[in-house]
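So this block is protein09.txt, compact mmCIF, C-alpha atoms:
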```txt
# COMPACT_ATOMS: atom_id res chain seq x y z
CA MET A 1 55.06 180.47 45.86
CA THR A 2 57.74 179.41 43.38
CA GLY A 3 59.10 182.98 43.40
CA THR A 4 59.18 183.00 47.20
CA SER A 5 61.08 179.70 47.37
CA SER A 6 63.55 180.81 44.72
CA ARG A 7 64.15 184.14 46.48
CA THR A 8 64.63 182.41 49.84
CA LEU A 9 67.25 180.08 48.34
CA ARG A 10 69.04 183.09 46.81
CA LEU A 11 68.99 184.77 50.21
CA LEU A 12 70.58 181.68 51.78
CA ALA A 13 73.27 181.64 49.08
CA LEU A 14 74.07 185.32 49.72
CA LEU A 15 74.31 184.81 53.48
CA GLN A 16 76.92 182.10 52.90
CA THR A 17 79.16 184.32 50.76
CA ARG A 18 80.30 186.72 53.53
CA PRO A 19 79.94 187.11 57.31
CA ASP A 20 77.54 190.09 57.53
CA TRP A 21 74.88 191.61 55.31
CA THR A 22 72.84 194.74 55.92
CA GLY A 23 69.11 194.60 55.34
CA PRO A 24 69.18 197.21 52.55
CA ALA A 25 72.03 195.43 50.76
CA LEU A 26 70.15 192.13 50.78
CA ALA A 27 66.95 193.84 49.63
CA ASP A 28 68.86 195.45 46.75
CA ARG A 29 70.49 192.17 45.65
CA LEU A 30 67.17 190.30 45.82
CA GLY A 31 65.08 193.05 44.22
CA ALA A 32 62.71 192.97 47.20
CA SER A 33 61.73 195.18 50.12
CA GLU A 34 63.43 195.01 53.52
CA ARG A 35 60.15 193.73 54.96
CA THR A 36 60.23 190.82 52.47
CA VAL A 37 63.83 190.08 53.45
CA ARG A 38 62.78 189.90 57.12
CA ARG A 39 60.02 187.42 56.26
CA ASP A 40 62.43 185.28 54.22
CA VAL A 41 64.92 185.30 57.10
CA GLU A 42 62.18 184.01 59.40
CA ARG A 43 61.39 181.22 56.90
CA LEU A 44 65.06 180.13 56.99
CA ARG A 45 65.07 180.24 60.78
CA ASP A 46 61.98 178.03 60.83
CA LEU A 47 63.92 175.52 58.69
CA GLY A 48 66.67 175.47 61.31
CA TYR A 49 69.24 177.90 59.90
CA ARG A 50 70.82 179.94 62.70
CA ILE A 51 70.60 183.54 61.48
CA THR A 52 71.29 186.30 64.00
CA ALA A 53 70.50 190.00 63.79
CA VAL A 54 73.48 192.35 63.48
CA ARG A 55 73.30 195.71 65.20
CA GLY A 56 74.19 198.83 63.22
CA PRO A 57 72.78 201.91 61.50
CA HIS A 58 70.78 199.86 59.04
CA GLY A 59 70.74 196.51 60.89
CA GLY A 60 71.67 193.31 59.20
CA TYR A 61 72.03 189.53 59.36
CA ARG A 62 74.68 186.90 59.94
CA LEU A 63 74.53 183.18 59.15
CA GLU A 64 76.15 181.45 62.13
CA PRO A 65 79.00 178.94 61.53
CA GLY A 66 77.75 175.38 61.13
CA SER A 67 74.56 176.54 59.45
CA ALA A 68 75.41 175.58 55.87
CA LEU A 69 72.86 172.78 56.30
CA PRO A 70 69.56 172.84 58.19
CA PRO A 71 68.79 170.25 60.88
CA LEU A 72 68.50 167.06 58.86
CA LEU A 73 65.09 165.46 58.69
CA PHE A 74 66.00 162.01 59.97
CA ASP A 75 63.72 159.93 62.11
CA ASP A 76 65.25 157.97 65.00
CA GLU A 77 65.87 154.79 63.01
CA GLN A 78 67.48 156.67 60.12
CA ALA A 79 69.76 158.64 62.44
CA VAL A 80 70.91 155.49 64.22
CA ALA A 81 71.43 153.70 60.89
CA LEU A 82 73.56 156.59 59.63
CA ALA A 83 75.68 156.59 62.79
CA VAL A 84 76.19 152.83 62.65
CA ALA A 85 77.09 152.92 58.94
CA LEU A 86 79.72 155.63 59.41
CA ARG A 87 81.12 154.20 62.64
CA THR A 88 81.49 150.74 61.16
CA ALA A 89 83.57 151.95 58.22
CA ALA A 90 86.56 149.94 59.47
CA GLY A 91 87.82 147.82 56.63
CA THR A 92 86.84 150.23 53.84
CA GLY A 93 90.09 152.17 53.73
CA MET A 94 88.03 155.36 54.27
CA GLU A 95 87.80 155.37 58.07
CA ASP A 96 89.10 158.94 58.52
CA ALA A 97 86.70 160.39 55.93
CA ALA A 98 83.79 158.51 57.50
CA ALA A 99 84.66 159.91 60.95
CA LEU A 100 84.75 163.45 59.55
CA ALA A 101 81.44 162.89 57.74
CA LEU A 102 79.80 161.72 60.96
CA ALA A 103 81.15 164.74 62.83
CA THR A 104 79.80 167.07 60.13
CA VAL A 105 76.36 165.49 60.06
CA ARG A 106 76.22 165.36 63.86
CA GLN A 107 76.57 169.15 64.09
CA VAL A 108 73.38 169.78 62.14
CA LEU A 109 71.20 167.12 63.76
CA PRO A 110 68.52 168.34 66.16
CA PRO A 111 69.75 168.07 69.80
CA ARG A 112 67.48 165.13 70.68
CA LEU A 113 68.70 163.02 67.74
CA ARG A 114 72.28 164.12 68.34
CA ARG A 115 72.13 162.64 71.83
CA ARG A 116 70.74 159.37 70.49
CA VAL A 117 73.42 159.17 67.81
CA ASP A 118 76.16 159.90 70.37
CA ALA A 119 74.93 156.91 72.37
CA VAL A 120 75.75 154.55 69.48
CA GLN A 121 79.40 153.77 70.19
CA VAL A 122 80.39 150.82 68.00
CA ALA A 123 83.82 149.24 67.78
CA ALA A 124 84.26 147.99 64.21
CA VAL A 125 87.01 145.38 63.97
CA PRO A 126 88.48 144.61 60.52
CA ARG A 127 88.70 140.95 59.50
CA GLY A 128 92.47 141.18 59.08
CA PRO A 129 95.25 143.79 59.13
CA ARG A 130 94.13 147.36 58.53
CA PRO A 131 93.62 147.71 54.76
CA ALA A 132 95.59 150.19 52.70
CA PRO A 133 93.94 153.64 52.57
CA ILE A 134 91.88 154.17 49.46
CA ASP A 135 92.66 157.19 47.30
CA THR A 136 89.29 158.94 46.92
CA GLU A 137 90.24 160.33 43.51
CA VAL A 138 91.07 156.84 42.25
CA LEU A 139 87.78 155.48 43.59
CA LEU A 140 85.83 158.31 41.95
CA ALA A 141 87.66 157.80 38.63
CA LEU A 142 86.81 154.09 38.64
CA ALA A 143 83.21 154.77 39.64
CA ALA A 144 82.83 157.30 36.81
CA ALA A 145 84.20 154.82 34.27
CA VAL A 146 81.78 152.15 35.52
CA ARG A 147 78.86 154.57 35.38
CA ASP A 148 79.71 155.99 31.96
CA ARG A 149 80.72 152.60 30.46
CA GLU A 150 84.08 153.92 29.32
CA GLU A 151 87.12 151.73 28.73
CA LEU A 152 89.80 152.27 31.31
CA ARG A 153 93.59 151.92 31.17
CA PHE A 154 95.56 151.72 34.38
CA ASP A 155 98.89 150.65 35.85
CA TYR A 156 98.42 147.63 38.09
CA SER A 157 100.57 145.78 40.58
CA SER A 158 99.18 142.26 40.69
CA ASN A 159 101.05 141.24 43.84
CA GLY A 160 101.56 144.57 45.57
CA SER A 161 105.31 144.50 44.88
CA GLY A 162 105.36 147.83 43.09
CA ASP A 163 106.12 146.32 39.67
CA LYS A 164 103.26 147.50 37.51
CA GLY A 165 101.90 146.52 34.12
CA ILE A 166 99.36 148.31 31.95
CA ARG A 167 95.85 146.85 31.81
CA ARG A 168 93.14 147.74 29.30
CA THR A 169 89.69 147.00 30.66
CA GLN A 170 85.97 147.48 30.39
CA PRO A 171 85.03 148.24 34.03
CA HIS A 172 81.71 146.80 35.21
CA HIS A 173 81.47 146.86 39.01
CA LEU A 174 83.06 148.22 42.18
CA ALA A 175 82.68 146.00 45.23
CA THR A 176 84.08 145.38 48.70
CA TRP A 177 85.17 141.97 49.96
CA ASN A 178 86.97 141.10 53.19
CA ASP A 179 88.06 144.69 53.92
CA HIS A 180 89.29 145.48 50.39
CA TRP A 181 87.85 147.36 47.41
CA TYR A 182 87.81 145.53 44.07
CA LEU A 183 87.10 146.41 40.46
CA VAL A 184 85.40 143.71 38.40
CA ALA A 185 86.24 144.26 34.73
CA TRP A 186 86.60 142.60 31.36
CA ASP A 187 90.30 142.49 30.48
CA LEU A 188 90.57 143.43 26.80
CA ASP A 189 94.02 141.88 26.28
CA ARG A 190 93.32 138.61 28.11
CA ARG A 191 89.74 138.43 26.81
CA ASP A 192 88.43 137.28 30.16
CA TRP A 193 86.94 138.60 33.39
CA ARG A 194 89.38 139.84 36.02
CA VAL A 195 89.15 141.15 39.59
CA PHE A 196 91.55 143.99 40.52
CA ARG A 197 92.44 145.39 43.94
CA VAL A 198 91.60 149.11 43.88
CA ASP A 199 94.52 150.09 46.13
CA ARG A 200 96.89 148.70 43.47
CA ILE A 201 95.34 150.64 40.57
CA ALA A 202 96.75 153.87 39.11
CA PRO A 203 94.31 155.09 36.40
CA ARG A 204 95.62 156.58 33.18
CA THR A 205 93.83 159.45 31.49
CA PRO A 206 91.94 160.13 29.39
CA ALA A 207 89.37 157.35 29.55
CA GLY A 208 88.86 155.24 26.45
CA PRO A 209 85.81 154.89 24.19
CA ARG A 210 82.41 153.84 25.47
CA PHE A 211 81.49 150.17 25.36
CA THR A 212 78.40 148.01 25.48
CA PRO A 213 78.39 146.05 28.76
CA ARG A 214 78.64 142.29 28.41
CA PRO A 215 76.75 140.07 30.88
CA LEU A 216 78.64 139.14 34.03
CA PRO A 217 78.81 135.36 34.58
CA GLY A 218 75.89 134.46 36.81
CA GLY A 219 74.52 138.00 36.54
CA ASP A 220 75.22 138.87 40.20
CA VAL A 221 78.45 140.59 41.27
CA ALA A 222 78.31 139.30 44.85
CA ALA A 223 77.87 135.70 43.71
CA TYR A 224 80.61 136.15 41.09
CA LEU A 225 83.10 137.43 43.67
CA GLN A 226 82.24 134.63 46.06
CA ALA A 227 82.90 132.11 43.31
CA ARG A 228 86.21 133.70 42.30
CA PHE A 229 87.57 133.89 45.83
CA ARG A 230 86.49 130.34 46.54
CA GLY A 231 88.21 129.02 43.45
CA ALA A 232 84.94 128.10 41.69
CA ASP A 233 83.56 129.12 38.31
CA GLY A 234 80.06 130.46 37.87
CA THR A 235 78.70 129.51 41.31
CA PRO A 236 79.36 130.83 44.83
CA GLU A 237 79.53 127.27 46.19
CA TRP A 238 82.87 125.88 47.35
CA PRO A 239 84.42 123.57 44.72
CA CYS A 240 85.09 120.92 47.39
CA ARG A 241 82.45 120.00 49.94
CA GLY A 242 82.33 117.13 52.42
CA GLU A 243 81.16 116.02 55.83
CA ALA A 244 82.48 114.08 58.82
CA VAL A 245 81.47 113.15 62.35
CA LEU A 246 83.33 115.10 65.06
CA LEU A 247 83.62 113.82 68.62
CA ARG A 248 82.51 117.12 70.08
CA SER A 249 79.12 118.60 70.94
CA ALA A 250 77.26 120.58 68.30
CA ASP A 251 77.10 123.59 70.63
CA THR A 252 80.89 123.63 70.90
CA VAL A 253 81.43 123.44 67.13
CA ALA A 254 78.62 125.71 65.85
CA PRO A 255 80.16 129.13 66.69
CA PHE A 256 83.16 128.42 64.41
CA LEU A 257 81.45 127.04 61.32
CA GLU A 258 80.85 130.26 59.35
CA ASP A 259 78.97 128.91 56.29
CA GLY A 260 79.17 125.23 57.38
CA ARG A 261 76.36 123.13 58.84
CA VAL A 262 76.20 121.03 62.01
CA GLU A 263 73.82 118.28 63.13
CA ALA A 264 73.79 117.06 66.73
CA LEU A 265 74.18 113.27 67.07
CA GLY A 266 74.51 113.09 70.85
CA PRO A 267 76.09 114.92 73.79
CA ASP A 268 79.61 114.60 72.36
CA ARG A 269 79.05 113.84 68.68
CA CYS A 270 77.94 115.89 65.72
CA ARG A 271 78.00 115.71 61.94
CA VAL A 272 79.62 118.71 60.26
CA ALA A 273 79.43 119.72 56.59
CA LEU A 274 82.03 122.19 55.28
CA GLY A 275 83.39 123.55 52.01
CA SER A 276 86.80 124.73 50.86
CA TRP A 277 88.82 125.50 47.74
CA SER A 278 90.72 122.16 47.78
CA TRP A 279 90.43 118.72 49.41
CA PRO A 280 93.56 119.13 51.58
CA ALA A 281 92.31 122.54 52.73
CA LEU A 282 88.92 120.98 53.54
CA ALA A 283 90.56 118.20 55.56
CA ALA A 284 92.63 120.77 57.46
CA SER A 285 89.50 122.78 58.28
CA PHE A 286 88.06 119.73 60.07
CA GLY A 287 91.32 119.29 61.96
CA ARG A 288 91.11 122.77 63.52
CA PHE A 289 88.37 121.57 65.90
CA ASP A 290 90.90 119.40 67.78
CA ALA A 291 88.48 116.47 67.99
CA GLY A 292 88.29 112.87 66.88
CA ILE A 293 87.03 112.47 63.30
CA GLU A 294 84.96 109.62 61.91
CA ALA A 295 82.93 108.73 58.80
CA ALA A 296 84.53 111.24 56.43
CA ARG A 297 82.98 111.46 53.00
CA PRO A 298 83.20 111.66 50.04
CA SER A 299 86.21 109.50 49.28
CA GLU A 300 88.24 112.54 48.12
CA LEU A 301 88.00 113.95 51.64
CA ALA A 302 89.03 110.63 53.22
CA ARG A 303 92.08 110.47 50.92
CA ALA A 304 92.94 114.07 51.80
CA PHE A 305 93.01 113.11 55.50
CA ALA A 306 95.44 110.27 54.70
CA HIS A 307 97.58 112.63 52.59
CA LEU A 308 97.79 115.20 55.40
CA ALA A 309 98.51 112.51 57.97
CA THR A 310 101.57 111.41 55.98
CA ARG A 311 102.72 114.99 55.48
CA PHE A 312 102.31 115.93 59.14
CA ALA A 313 104.04 112.76 60.31
CA ALA A 314 107.03 113.60 58.12
CA ALA A 315 107.11 117.12 59.54
CA SER A 316 107.30 115.76 63.09
CA LEU A 317 110.58 113.91 62.49
```
As a first step, turn the structure in this file into structure tokens.
Amino acid sequence: MTGTSSRTLRLLALLQTRPDWTGPALADRLGASERTVRRDVERLRDLGYRITAVRGPHGGYRLEPGSALPPLLFDDEQAVALAVALRTAAGTGMEDAAALALATVRQVLPPRLRRRVDAVQVAAVPRGPRPAPIDTEVLLALAAAVRDREELRFDYSSNGSGDKGIRRTQPHHLATWNDHWYLVAWDLDRRDWRVFRVDRIAPRTPAGPRFTPRPLPGGDVAAYLQARFRGADGTPEWPCRGEAVLLRSADTVAPFLEDGRVEALGPDRCRVALGSWSWPALAASFGRFDAGIEAARPSELARAFAHLATRFAAASL
């Protein structure tokens, strides 16, 4: 059986190397009889490869275009999940490649699943402006350095201005956050953890020596990134949290809270708890609801409201 499987795979490889093969030529290359070649062709057809007979003095075979892969063995849920994943690639910087991948996979799906996948038309909307396209070679180079635990040198533009400095790092993780790719790495010169935008990285070769990974603060890359982008250290919680009573209904406020909490206090009153990276920013986030505000706490939040009131009053003059 092992010999049969190996021979069938060799037959498939030969059929992909040129358009037409005669039966005798395939038999000679495989060291088998023409009858055996016919049986192996039927096995490939049963697996979904489209192989047609070629007329001629000796007869032959042709692997039809689009048959480099057999019909993929996805169940309905897996096929729909694949379609959704590729169609919602907006915000990854790899939208065009994802669309081509979906088109390629679609061609080799069985007709019934292809129709179901075609029905999944999803509009993926990025959170902000369309991100910069990601260079696949850069992404693969970073991924290889992370996998192989090799030190990495690269030119980096910290503010996207084009002025680049050299960074020496021990790369630990690749991650996506708010429509951008990031590299989480230990900066050897600054002796601290840093987060780098992948679209601003230009790797230098060759890679450096291997290193022993050090533990990431908190141990979880998602929690670490949440903490860094929220201005906190070691915890994904916002550094400033507070609550206040808004003179609006909970149902009106709830759709805009994101990770905040709301408690209904009556038809036109609710208590809202929010977090932010600073007290003034937290106070401003309450102001966006365009409602009366009462009972703000803690005291830092109440003082931030007073501070913003003075600043806004001055701006109105």
Margin query: With only C-alpha atoms as the counted atoms, please give the residues lying no more than 12 Å from A:Gly242, apart from itself and same-chain residues fewer than 5 positions off, as a PyMOL selection string.
Written below: chain A and resi 260-261+271-283+285-286+295-305
Checklist line | Shortest interatomic distance to A:Thr176 - which of A:Asp96, A:Asp148, A:Ala89, A:Asp189, counting only C-alpha atoms | finding: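 Nearest candidate to A:Thr176 out of A:Asp96, A:Asp148, A:Ala89, A:Asp189: A:Ala89.
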Margin query: If I take atom CA of A:Ile166 and atom CA of A:Thr205, how far is one from the other in Å, to one decimal?
Written below: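 Computing it gives 12.4 Å between the two atoms.
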Note to self: One decimal, in Å: what's the spacing between atom CA of A:Phe154 and atom CA of A:Arg204?
What the structure shows: 5.0 Å
Margin query: Using only C-alpha atoms - which residues lie no farther than 12 Å from the point (80.5, 164.1, 62.5) in the file's frame? Write them as a list in words.
Written below: Gly66, Leu82, Ala83, Leu86, Arg87, Asp96, Ala97, Ala98, Ala99, Leu100, Ala101, Leu102, Ala103, Thr104, Val105, Arg106, Gln107, Val108, Leu109, Arg114, Val117 and Asp118 of chain A
Checklist line | All residues 10 Å or closer to A:Leu216, all atoms listed in the file, same chain fewer than 4 positions away omitted, as a PyMOL selection string | finding: chain A and resi 172-173+184-186+193+220-221+224+234
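Here atom CA of A:Arg248 is placed at a distance of 22.7 Å from atom CA of A:Phe312.
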For stretch 11-36 of chain A, where the input has fewer atoms than it should, I would like N, CA, C and O atoms rebuilt and written as an mmCIF file, in the coordinates of the input.
```cif
data_model
loop_
_atom_site.group_PDB
_atom_site.id
_atom_site.type_symbol
_atom_site.label_atom_id
_atom_site.label_comp_id
_atom_site.auth_asym_id
_atom_site.auth_seq_id
_atom_site.Cartn_x
_atom_site.Cartn_y
_atom_site.Cartn_z
ATOM 1 N N LEU A 11 68.603 184.118 48.969
ATOM 2 C CA LEU A 11 68.990 184.770 50.210
ATOM 3 C C LEU A 11 69.973 183.892 50.988
ATOM 4 O O LEU A 11 70.992 184.379 51.508
ATOM 5 N N LEU A 12 69.681 182.599 51.068
ATOM 6 C CA LEU A 12 70.580 181.680 51.780
ATOM 7 C C LEU A 12 71.954 181.666 51.118
ATOM 8 O O LEU A 12 72.982 181.673 51.804
ATOM 9 N N ALA A 13 71.988 181.648 49.787
ATOM 10 C CA ALA A 13 73.270 181.640 49.080
ATOM 11 C C ALA A 13 74.057 182.913 49.371
ATOM 12 O O ALA A 13 75.280 182.874 49.572
ATOM 13 N N LEU A 14 73.374 184.065 49.421
ATOM 14 C CA LEU A 14 74.070 185.320 49.720
ATOM 15 C C LEU A 14 74.627 185.318 51.135
ATOM 16 O O LEU A 14 75.755 185.767 51.370
ATOM 17 N N LEU A 15 73.861 184.822 52.088
ATOM 18 C CA LEU A 15 74.310 184.810 53.480
ATOM 19 C C LEU A 15 75.540 183.946 53.667
ATOM 20 O O LEU A 15 76.309 184.151 54.623
ATOM 21 N N GLN A 16 75.758 182.983 52.791
ATOM 22 C CA GLN A 16 76.920 182.100 52.900
ATOM 23 C C GLN A 16 78.165 182.681 52.243
ATOM 24 O O GLN A 16 79.263 182.139 52.409
ATOM 25 N N THR A 17 78.013 183.786 51.504
ATOM 26 C CA THR A 17 79.160 184.320 50.760
ATOM 27 C C THR A 17 80.043 185.249 51.595
ATOM 28 O O THR A 17 81.221 185.437 51.266
ATOM 29 N N ARG A 18 79.488 185.859 52.673
ATOM 30 C CA ARG A 18 80.300 186.720 53.530
ATOM 31 C C ARG A 18 79.678 186.775 54.922
ATOM 32 O O ARG A 18 78.487 186.460 55.084
ATOM 33 N N PRO A 19 80.440 187.209 55.933
ATOM 34 C CA PRO A 19 79.940 187.110 57.310
ATOM 35 C C PRO A 19 78.680 187.921 57.580
ATOM 36 O O PRO A 19 77.733 187.414 58.181
ATOM 37 N N ASP A 20 78.658 189.202 57.175
ATOM 38 C CA ASP A 20 77.540 190.090 57.530
ATOM 39 C C ASP A 20 76.927 190.732 56.294
ATOM 40 O O ASP A 20 77.636 191.071 55.337
ATOM 41 N N TRP A 21 75.609 190.897 56.348
ATOM 42 C CA TRP A 21 74.880 191.610 55.310
ATOM 43 C C TRP A 21 73.942 192.603 55.985
ATOM 44 O O TRP A 21 73.287 192.271 56.971
ATOM 45 N N THR A 22 73.854 193.811 55.429
ATOM 46 C CA THR A 22 72.840 194.740 55.920
ATOM 47 C C THR A 22 71.513 194.420 55.256
ATOM 48 O O THR A 22 71.460 193.817 54.168
ATOM 49 N N GLY A 23 70.431 194.828 55.912
ATOM 50 C CA GLY A 23 69.110 194.600 55.340
ATOM 51 C C GLY A 23 68.942 195.268 53.991
ATOM 52 O O GLY A 23 68.485 194.628 53.029
ATOM 53 N N PRO A 24 69.327 196.554 53.853
ATOM 54 C CA PRO A 24 69.180 197.210 52.550
ATOM 55 C C PRO A 24 69.996 196.543 51.445
ATOM 56 O O PRO A 24 69.549 196.450 50.295
ATOM 57 N N ALA A 25 71.201 196.077 51.786
ATOM 58 C CA ALA A 25 72.030 195.430 50.760
ATOM 59 C C ALA A 25 71.387 194.145 50.278
ATOM 60 O O ALA A 25 71.383 193.860 49.063
ATOM 61 N N LEU A 26 70.836 193.357 51.192
ATOM 62 C CA LEU A 26 70.150 192.130 50.780
ATOM 63 C C LEU A 26 68.919 192.449 49.953
ATOM 64 O O LEU A 26 68.636 191.780 48.941
ATOM 65 N N ALA A 27 68.163 193.468 50.380
ATOM 66 C CA ALA A 27 66.950 193.840 49.630
ATOM 67 C C ALA A 27 67.325 194.249 48.208
ATOM 68 O O ALA A 27 66.630 193.888 47.232
ATOM 69 N N ASP A 28 68.431 195.000 48.077
ATOM 70 C CA ASP A 28 68.860 195.450 46.750
ATOM 71 C C ASP A 28 69.281 194.271 45.875
ATOM 72 O O ASP A 28 68.901 194.206 44.691
ATOM 73 N N ARG A 29 70.032 193.330 46.428
ATOM 74 C CA ARG A 29 70.490 192.170 45.650
ATOM 75 C C ARG A 29 69.325 191.272 45.251
ATOM 76 O O ARG A 29 69.346 190.637 44.190
ATOM 77 N N LEU A 30 68.303 191.190 46.095
ATOM 78 C CA LEU A 30 67.170 190.300 45.820
ATOM 79 C C LEU A 30 66.056 190.994 45.045
ATOM 80 O O LEU A 30 65.113 190.335 44.595
ATOM 81 N N GLY A 31 66.151 192.319 44.906
ATOM 82 C CA GLY A 31 65.080 193.050 44.220
ATOM 83 C C GLY A 31 63.776 192.996 44.998
ATOM 84 O O GLY A 31 62.695 192.875 44.411
ATOM 85 N N ALA A 32 63.886 193.073 46.330
ATOM 86 C CA ALA A 32 62.710 192.970 47.200
ATOM 87 C C ALA A 32 62.804 194.037 48.277
ATOM 88 O O ALA A 32 63.833 194.704 48.440
ATOM 89 N N SER A 33 61.731 194.205 49.031
ATOM 90 C CA SER A 33 61.730 195.180 50.120
ATOM 91 C C SER A 33 62.420 194.591 51.343
ATOM 92 O O SER A 33 62.584 193.371 51.469
ATOM 93 N N GLU A 34 62.811 195.480 52.287
ATOM 94 C CA GLU A 34 63.430 195.010 53.520
ATOM 95 C C GLU A 34 62.438 194.175 54.332
ATOM 96 O O GLU A 34 62.832 193.238 55.026
ATOM 97 N N ARG A 35 61.163 194.517 54.256
ATOM 98 C CA ARG A 35 60.150 193.730 54.960
ATOM 99 C C ARG A 35 60.108 192.302 54.412
ATOM 100 O O ARG A 35 60.009 191.327 55.173
ATOM 101 N N THR A 36 60.217 192.159 53.092
ATOM 102 C CA THR A 36 60.230 190.820 52.470
ATOM 103 C C THR A 36 61.473 190.049 52.912
ATOM 104 O O THR A 36 61.410 188.847 53.179
#
```
